[in-house]
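Asker: A single structure is presented below for examination.
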Amino acid sequence: IEKYPILEIKNLCVNYGGIQALKKINLVINNGEVVTLIGANGAGKSTTLRAISKIVNPRSGEIIYSGRNIIRRQPHEIVQLGIAHCPEGRRVLARQTVYDNLLLGAYIRSHQAEVKADIQRQFELFPRLAQRRNQLAGTLSGGEQQMLAIARSLMSKPKLLLLDEPSLGLAPAIVREIFTIIENLRATGVTILLVEQNANLALQIADRGYVLEAGSITLRGTASELITDERVKKAYLG
Ligand code: ATP
């Protein structure tokens, strides 16, 4: 498949009140890639995802998606254009069933037969959810809630998935399961922007990565370049 940029971020600035969370960052994601953002707490990783999905309003810059600047679009328009955001902390609706959470993920879609077929597809991708389709989401384990959060994001049929800290607080076995799912997703053609505290893990599945420090991108490269970079090793790979 030919590579082309699906998303280009140019000179993006985001402020929270007086705090400059992103200071003119530039990055590119090509179709079919897994790109990871690495950085310490507070570096601006989540803010980058929030700016793309318009949960926060950028101060300046450009976000070019499939050739058009989407920086002033509304959040629901971003979803309609094919960008889904799976936020940190897996906010599933605790008092709704697994099935209803998935249904809600498809709120922008109107073709009910297709939506039902897609829920079945999620159950194939996430067999643990299939077994628990009528269980209340709040009673799922942390790992199962993370799976549900990802599956729900996929219900809007994204071309680009923004995935924030999928391994946070989960046991190693379940983290491996989730990363296998991410690799399977990539194989189906979904482009992924992955934010991870666990840089080691992220660089194992990513094609390329960017290092964010205090709101600026300080390093960029292929995953294999970054994994062997002494600065990355020292600061992020422990
Ligand atoms: P973490 O892994 O801890 O979430 P991060 O790299 O994702 O870190 P961000 O959450 O993007 O970092 O935060 C970047 C900076 O912006 C931090 O200094 C943070 O305190 C600040 N910040 C984030 N959200 C807000 C907010 N809603 N109001 C004020 N400041 C915020």
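Chain labels A, B, ... are given in the sequence in which chains occur in the structure tokens; within each chain residues are numbered consecutively from 1, and ligands are likewise numbered from 1 in the order shown.
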Using DSSP assignments from the backbone, pull out every residue in segment 14-237 of chain A that falls under alpha helix (DSSP H) and give it to me as number ranges by chain.
Answerer: A: 45-53, 75-80, 98-105, 112-125, 127-131, 142-154, 172-187, 199-205, 223-228, 230-232
Asker: Please return as a CSV table (one decimal) with N, CA and C atoms, in the first residue's frame the residues found within 6 Å of ligand 1, counting only C-alpha atoms and all ligand atoms.
Answerer:
chain,number,residue,atom,x,y,z
A,16,TYR,N,-3.8,26.0,28.6
A,16,TYR,CA,-4.8,25.9,29.6
A,16,TYR,C,-4.6,27.1,30.5
A,21,ALA,N,0.5,24.2,27.2
A,21,ALA,CA,0.6,22.7,27.2
A,21,ALA,C,1.3,22.2,26.0
A,39,GLY,N,6.6,10.3,26.5
A,39,GLY,CA,6.9,11.5,27.3
A,39,GLY,C,6.5,11.3,28.7
A,40,ALA,N,7.1,12.1,29.6
A,40,ALA,CA,6.8,12.0,31.0
A,40,ALA,C,5.4,12.5,31.3
A,41,ASN,N,5.0,12.3,32.6
A,41,ASN,CA,3.7,12.9,33.0
A,41,ASN,C,3.7,14.4,32.8
A,42,GLY,N,2.6,14.9,32.1
A,42,GLY,CA,2.5,16.3,32.0
A,42,GLY,C,3.2,16.9,30.7
A,43,ALA,N,3.8,16.0,29.9
A,43,ALA,CA,4.5,16.4,28.7
A,43,ALA,C,3.6,17.0,27.7
A,44,GLY,N,2.3,16.6,27.7
A,44,GLY,CA,1.4,17.1,26.7
A,44,GLY,C,0.8,16.0,25.7
A,45,LYS,N,1.0,14.7,26.1
A,45,LYS,CA,0.6,13.7,25.2
A,45,LYS,C,-0.9,13.6,25.1
A,46,SER,N,-1.6,13.6,26.2
A,46,SER,CA,-3.1,13.5,26.2
A,46,SER,C,-3.6,14.8,25.5
A,47,THR,N,-3.0,15.9,25.8
A,47,THR,CA,-3.4,17.2,25.2
A,47,THR,C,-3.4,17.1,23.7
Asker: Need to verify the contact set: segment 125-140 of chain A, 6 Å, only C-alpha atoms, exclusion of same-chain residues closer than 4 positions in sequence. Can you return it as a PyMOL selection string?
Answerer: chain A and resi 94-99+144-145
Asker: Convert the current residue selection to file output with N, CA and C atoms, as a compact mmCIF listing (two decimals), in the first residue's frame.
Answerer:
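This went into selection-v3.txt:
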# COMPACT_ATOMS: atom_id res chain seq x y z
N ALA A 94 -20.97 2.82 33.31
CA ALA A 94 -20.96 1.72 34.28
C ALA A 94 -22.31 1.03 34.42
N ARG A 95 -23.39 1.81 34.28
CA ARG A 95 -24.71 1.24 34.56
C ARG A 95 -25.42 0.76 33.32
N GLN A 96 -24.70 0.74 32.21
CA GLN A 96 -25.24 0.19 30.96
C GLN A 96 -24.54 -1.13 30.67
N THR A 97 -25.20 -1.99 29.90
CA THR A 97 -24.57 -3.27 29.55
C THR A 97 -23.45 -3.05 28.54
N VAL A 98 -22.66 -4.10 28.37
CA VAL A 98 -21.61 -4.11 27.35
C VAL A 98 -22.24 -3.79 25.99
N TYR A 99 -23.33 -4.48 25.69
CA TYR A 99 -23.99 -4.30 24.39
C TYR A 99 -24.43 -2.85 24.19
N GLU A 144 -11.09 -5.64 30.97
CA GLU A 144 -12.30 -5.79 30.15
C GLU A 144 -12.91 -4.43 29.84
N GLN A 145 -12.84 -3.51 30.83
CA GLN A 145 -13.36 -2.16 30.57
C GLN A 145 -12.52 -1.45 29.50
Asker: Which residues come within 12 Å of Thr188 of chain A, counting only C-alpha atoms, excluding same-chain residues fewer than 3 positions away, as a PyMOL selection string?
Answerer: chain A and resi 31-33+121+125+154+157-160+181-185+191-192
Asker: May I ask which of the residues A:Leu194, A:Asn101, A:Glu88, A:Lys23 is the closest one to Gly169 of chain A, counting only C-alpha atoms?
Answerer: A:Glu88
Asker: Using only C-alpha atoms for the distances, tell me which of A:Ala106, A:Met147, A:Val14, A:Val232 is nearest to Ile71 of chain A.
Answerer: A:Val14
Asker: Please tabulate, as CSV, the residues of segment 8-84 of chain A that come within 6 Å of segment 203-213 of chain A, each with its closest pair of atoms and the distance in Å to one decimal, counting only C-alpha atoms and ordering rows by chain, then residue number upward.
Answerer:
residue,atom,partner,partner_atom,distance
A:Val34,CA,A:Ala206,CA,4.8
A:Val35,CA,A:Arg208,CA,5.0
A:Thr36,CA,A:Gly209,CA,4.6
A:Leu37,CA,A:Tyr210,CA,5.1
A:Ile38,CA,A:Val211,CA,4.8
A:Gly39,CA,A:Leu212,CA,5.0
A:Ala43,CA,A:Glu213,CA,5.0
Asker: Could you tell me, as a compact mmCIF listing (two decimals) with N, CA, C and O atoms, in the first residue's frame, which residues of segment 9-236 of chain A DSSP assigns to strand (DSSP E) when given the backbone?
Answerer:
# COMPACT_ATOMS: atom_id res chain seq x y z
N ILE A 9 0.02 17.61 11.72
CA ILE A 9 -0.14 18.66 12.73
C ILE A 9 0.97 19.68 12.50
O ILE A 9 2.14 19.31 12.41
N LYS A 10 0.56 20.95 12.37
CA LYS A 10 1.54 21.99 12.07
C LYS A 10 1.45 23.10 13.10
O LYS A 10 0.40 23.71 13.28
N ASN A 11 2.58 23.34 13.78
CA ASN A 11 2.70 24.46 14.73
C ASN A 11 1.54 24.53 15.71
O ASN A 11 1.02 25.62 15.98
N LEU A 12 1.14 23.39 16.23
CA LEU A 12 -0.02 23.34 17.12
C LEU A 12 0.32 23.87 18.51
O LEU A 12 1.28 23.43 19.14
N CYS A 13 -0.49 24.84 18.95
CA CYS A 13 -0.34 25.39 20.31
C CYS A 13 -1.63 25.21 21.07
O CYS A 13 -2.71 25.50 20.55
N VAL A 14 -1.52 24.72 22.31
CA VAL A 14 -2.68 24.61 23.20
C VAL A 14 -2.30 25.22 24.54
O VAL A 14 -1.23 24.92 25.08
N ASN A 15 -3.18 26.07 25.05
CA ASN A 15 -2.98 26.65 26.39
C ASN A 15 -4.11 26.22 27.29
O ASN A 15 -5.25 26.09 26.85
N TYR A 16 -3.78 26.01 28.56
CA TYR A 16 -4.81 25.88 29.59
C TYR A 16 -4.63 27.11 30.48
O TYR A 16 -3.70 27.15 31.27
N ILE A 19 -1.07 28.26 31.19
CA ILE A 19 -0.08 27.20 30.95
C ILE A 19 -0.03 26.84 29.47
O ILE A 19 -1.06 26.54 28.86
N GLN A 20 1.18 26.88 28.91
CA GLN A 20 1.34 26.45 27.52
C GLN A 20 1.57 24.95 27.50
O GLN A 20 2.68 24.47 27.77
N ALA A 21 0.54 24.18 27.21
CA ALA A 21 0.64 22.71 27.24
C ALA A 21 1.30 22.18 25.97
O ALA A 21 2.02 21.18 26.02
N LEU A 22 1.04 22.81 24.83
CA LEU A 22 1.72 22.44 23.57
C LEU A 22 2.27 23.70 22.93
O LEU A 22 1.55 24.69 22.78
N LYS A 23 3.56 23.63 22.55
CA LYS A 23 4.24 24.81 22.01
C LYS A 23 4.70 24.54 20.59
O LYS A 23 5.78 24.02 20.39
N LYS A 24 3.84 24.81 19.63
CA LYS A 24 4.19 24.66 18.21
C LYS A 24 4.70 23.26 17.88
O LYS A 24 5.83 23.09 17.41
N ILE A 25 3.88 22.26 18.12
CA ILE A 25 4.35 20.91 17.76
C ILE A 25 3.98 20.59 16.31
O ILE A 25 2.99 21.08 15.76
N ASN A 26 4.83 19.77 15.71
CA ASN A 26 4.64 19.31 14.33
C ASN A 26 4.75 17.80 14.31
O ASN A 26 5.70 17.25 14.86
N LEU A 27 3.78 17.13 13.71
CA LEU A 27 3.92 15.69 13.52
C LEU A 27 3.08 15.21 12.36
O LEU A 27 2.13 15.88 11.93
N VAL A 28 3.46 14.04 11.84
CA VAL A 28 2.80 13.46 10.67
C VAL A 28 2.46 12.00 10.98
O VAL A 28 3.26 11.29 11.58
N ILE A 29 1.27 11.58 10.58
CA ILE A 29 0.90 10.17 10.68
C ILE A 29 0.49 9.71 9.29
O ILE A 29 -0.38 10.33 8.66
N ASN A 30 1.13 8.66 8.81
CA ASN A 30 0.77 8.11 7.50
C ASN A 30 -0.29 7.04 7.66
O ASN A 30 -0.40 6.41 8.72
N VAL A 34 1.20 2.79 12.97
CA VAL A 34 1.03 3.01 14.41
C VAL A 34 2.12 3.99 14.80
O VAL A 34 3.31 3.70 14.64
N VAL A 35 1.71 5.17 15.27
CA VAL A 35 2.66 6.19 15.70
C VAL A 35 2.47 6.39 17.20
O VAL A 35 1.33 6.47 17.67
N THR A 36 3.57 6.44 17.93
CA THR A 36 3.43 6.58 19.38
C THR A 36 4.02 7.90 19.87
O THR A 36 4.99 8.41 19.30
N LEU A 37 3.37 8.45 20.90
CA LEU A 37 3.87 9.65 21.58
C LEU A 37 4.41 9.21 22.92
O LEU A 37 3.70 8.58 23.70
N ILE A 38 5.67 9.54 23.15
CA ILE A 38 6.33 9.17 24.39
C ILE A 38 6.64 10.43 25.18
O ILE A 38 6.97 11.46 24.58
N GLY A 39 6.55 10.34 26.50
CA GLY A 39 6.89 11.50 27.30
C GLY A 39 6.52 11.29 28.75
O GLY A 39 5.72 10.42 29.07
N SER A 60 -3.64 27.89 18.32
CA SER A 60 -3.23 28.18 16.95
C SER A 60 -2.60 26.94 16.32
O SER A 60 -2.34 25.95 17.01
N GLY A 61 -2.37 27.03 15.03
CA GLY A 61 -1.78 25.92 14.31
C GLY A 61 -2.76 25.32 13.31
O GLY A 61 -3.84 25.87 13.08
N GLU A 62 -2.35 24.19 12.72
CA GLU A 62 -3.21 23.51 11.76
C GLU A 62 -3.24 22.02 12.07
O GLU A 62 -2.23 21.46 12.48
N ILE A 63 -4.40 21.42 11.87
CA ILE A 63 -4.52 19.96 11.95
C ILE A 63 -5.14 19.54 10.62
O ILE A 63 -6.32 19.77 10.38
N ILE A 64 -4.30 19.01 9.75
CA ILE A 64 -4.74 18.66 8.40
C ILE A 64 -5.08 17.17 8.39
O ILE A 64 -4.21 16.32 8.65
N TYR A 65 -6.33 16.85 8.12
CA TYR A 65 -6.77 15.46 8.08
C TYR A 65 -7.30 15.18 6.68
O TYR A 65 -8.18 15.91 6.20
N ARG A 68 -7.61 18.34 4.60
CA ARG A 68 -8.29 19.60 5.00
C ARG A 68 -8.02 19.95 6.45
O ARG A 68 -7.87 19.07 7.29
N ASN A 69 -8.01 21.24 6.71
CA ASN A 69 -7.75 21.71 8.07
C ASN A 69 -9.00 21.54 8.92
O ASN A 69 -10.04 22.11 8.62
N ILE A 83 -12.38 10.01 12.87
CA ILE A 83 -11.38 10.01 13.93
C ILE A 83 -12.08 9.66 15.25
O ILE A 83 -13.04 10.33 15.63
N ALA A 84 -11.62 8.61 15.92
CA ALA A 84 -12.21 8.23 17.21
C ALA A 84 -11.16 8.37 18.30
O ALA A 84 -9.98 8.08 18.08
N HIS A 85 -11.61 8.81 19.47
CA HIS A 85 -10.71 9.04 20.60
C HIS A 85 -11.10 8.09 21.74
O HIS A 85 -12.23 8.13 22.22
N CYS A 86 -10.18 7.24 22.11
CA CYS A 86 -10.40 6.35 23.25
C CYS A 86 -9.62 6.93 24.43
O CYS A 86 -8.41 6.79 24.50
N LEU A 160 -8.83 6.67 11.77
CA LEU A 160 -7.74 7.03 12.70
C LEU A 160 -8.24 6.87 14.13
O LEU A 160 -9.24 7.47 14.51
N LEU A 161 -7.54 6.04 14.90
CA LEU A 161 -7.90 5.83 16.31
C LEU A 161 -6.86 6.50 17.20
O LEU A 161 -5.66 6.24 17.07
N LEU A 162 -7.33 7.35 18.10
CA LEU A 162 -6.47 8.01 19.08
C LEU A 162 -6.60 7.23 20.38
O LEU A 162 -7.68 7.21 20.98
N LEU A 163 -5.53 6.59 20.78
CA LEU A 163 -5.62 5.63 21.89
C LEU A 163 -4.74 6.13 23.04
O LEU A 163 -3.52 6.21 22.91
N ASP A 164 -5.39 6.49 24.17
CA ASP A 164 -4.66 7.09 25.28
C ASP A 164 -4.44 6.09 26.41
O ASP A 164 -5.39 5.66 27.06
N THR A 191 -5.45 3.25 11.25
CA THR A 191 -4.24 4.00 11.61
C THR A 191 -4.36 4.37 13.10
O THR A 191 -5.47 4.70 13.55
N ILE A 192 -3.26 4.28 13.82
CA ILE A 192 -3.36 4.47 15.28
C ILE A 192 -2.32 5.47 15.79
O ILE A 192 -1.13 5.36 15.48
N LEU A 193 -2.80 6.43 16.57
CA LEU A 193 -1.91 7.31 17.33
C LEU A 193 -2.00 6.87 18.79
O LEU A 193 -3.06 6.99 19.42
N LEU A 194 -0.90 6.33 19.29
CA LEU A 194 -0.88 5.66 20.59
C LEU A 194 -0.09 6.47 21.61
O LEU A 194 1.08 6.77 21.40
N VAL A 195 -0.75 6.80 22.72
CA VAL A 195 -0.06 7.44 23.84
C VAL A 195 0.16 6.39 24.91
O VAL A 195 -0.77 5.68 25.27
N ARG A 208 6.66 4.38 14.08
CA ARG A 208 7.45 5.56 14.36
C ARG A 208 7.00 6.16 15.68
O ARG A 208 5.96 5.78 16.20
N GLY A 209 7.80 7.08 16.19
CA GLY A 209 7.42 7.72 17.44
C GLY A 209 7.95 9.13 17.54
O GLY A 209 8.86 9.54 16.79
N TYR A 210 7.35 9.88 18.46
CA TYR A 210 7.77 11.24 18.79
C TYR A 210 7.94 11.33 20.30
O TYR A 210 7.13 10.76 21.04
N VAL A 211 8.95 12.04 20.74
CA VAL A 211 9.15 12.27 22.17
C VAL A 211 8.73 13.70 22.49
O VAL A 211 9.17 14.65 21.84
N LEU A 212 7.83 13.82 23.45
CA LEU A 212 7.34 15.13 23.90
C LEU A 212 7.97 15.46 25.26
O LEU A 212 7.96 14.62 26.16
N GLU A 213 8.49 16.67 25.36
CA GLU A 213 9.02 17.14 26.65
C GLU A 213 8.49 18.53 26.89
O GLU A 213 8.73 19.43 26.07
N SER A 216 6.93 20.32 23.92
CA SER A 216 7.65 20.41 22.65
C SER A 216 8.11 19.03 22.20
O SER A 216 8.42 18.19 23.05
N ILE A 217 8.18 18.83 20.91
CA ILE A 217 8.73 17.57 20.40
C ILE A 217 10.24 17.70 20.32
O ILE A 217 10.77 18.61 19.68
N THR A 218 10.92 16.80 21.04
CA THR A 218 12.37 16.92 21.13
C THR A 218 13.08 15.84 20.32
O THR A 218 14.28 15.96 20.05
N LEU A 219 12.39 14.79 19.97
CA LEU A 219 13.00 13.70 19.19
C LEU A 219 11.92 13.07 18.35
O LEU A 219 10.76 13.00 18.76
N ARG A 220 12.32 12.56 17.18
CA ARG A 220 11.38 11.81 16.35
C ARG A 220 12.16 10.75 15.62
O ARG A 220 13.38 10.89 15.42
N GLY A 221 11.53 9.67 15.22
CA GLY A 221 12.25 8.66 14.48
C GLY A 221 11.43 7.40 14.32
O GLY A 221 10.29 7.32 14.78
N THR A 222 12.03 6.43 13.63
CA THR A 222 11.37 5.13 13.55
C THR A 222 11.45 4.49 14.92
O THR A 222 12.30 4.87 15.75
Asker: Which residues, written as a list in words, have at least one atom at most 12 Å from Pro75 of chain A, with only C-alpha atoms counted and residues fewer than 6 positions away on the same chain left out?
Answerer: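 Selected residues are Arg50, Ala51, Ile52, Ser53, Lys54, Ile55, Val56, Asn57, Leu81, Gly82, Ile83, Ala84, His85 and Ile108 of chain A.
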Asker: Go ahead and compute the interatomic distance for atom CA of Glu114 of chain A and atom CA of Ala149 of chain A, in Å to one decimal.
Answerer: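 Atom CA of Glu114 of chain A sits 19.8 Å away from atom CA of Ala149 of chain A.
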Asker: Need to verify the contact set: Asp118 of chain A, 12 Å, only C-alpha atoms, exclusion of same-chain residues closer than 6 positions in sequence. Can you return it as a compact mmCIF listing (two decimals) with C-alpha atoms, in the first residue's frame?
Answerer:
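Wrote it out as selection03.txt, contents follow:
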# COMPACT_ATOMS: atom_id res chain seq x y z
CA TYR A 99 -23.99 -4.30 24.39
CA LEU A 102 -21.23 -0.55 22.03
CA LEU A 103 -24.51 0.69 20.62
CA GLY A 105 -20.43 4.16 20.32
CA ALA A 106 -22.35 4.12 17.04
CA ARG A 109 -24.60 6.10 12.51
CA HIS A 111 -28.08 2.16 9.57
CA GLN A 112 -29.17 -0.18 12.37
CA GLU A 124 -15.14 -11.53 17.30
CA LEU A 125 -12.25 -9.17 17.95
CA ALA A 151 -14.43 -1.59 20.98
CA ARG A 152 -16.81 1.31 21.58
CA SER A 153 -14.44 3.71 19.80
CA LEU A 154 -14.34 1.34 16.84
CA MET A 155 -18.13 1.48 16.54
CA SER A 156 -17.84 4.85 14.79
CA LYS A 157 -15.80 3.08 12.06
Asker: In Å, with one decimal, what is the gap from atom CA of Ser167 of chain A to atom CA of Ala199 of chain A?
Answerer: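 Here the two named atoms are 10.8 Å from each other.
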Asker: What's around Leu168 of chain A at 12 Å? Count only C-alpha atoms, leave out sequence neighbours fewer than 2 positions away in its own chain, and write the answer as number ranges by chain.
Answerer: A: 87-90, 142-143, 145-146, 163-166, 170-172, 174-175, 178, 195-198, 201
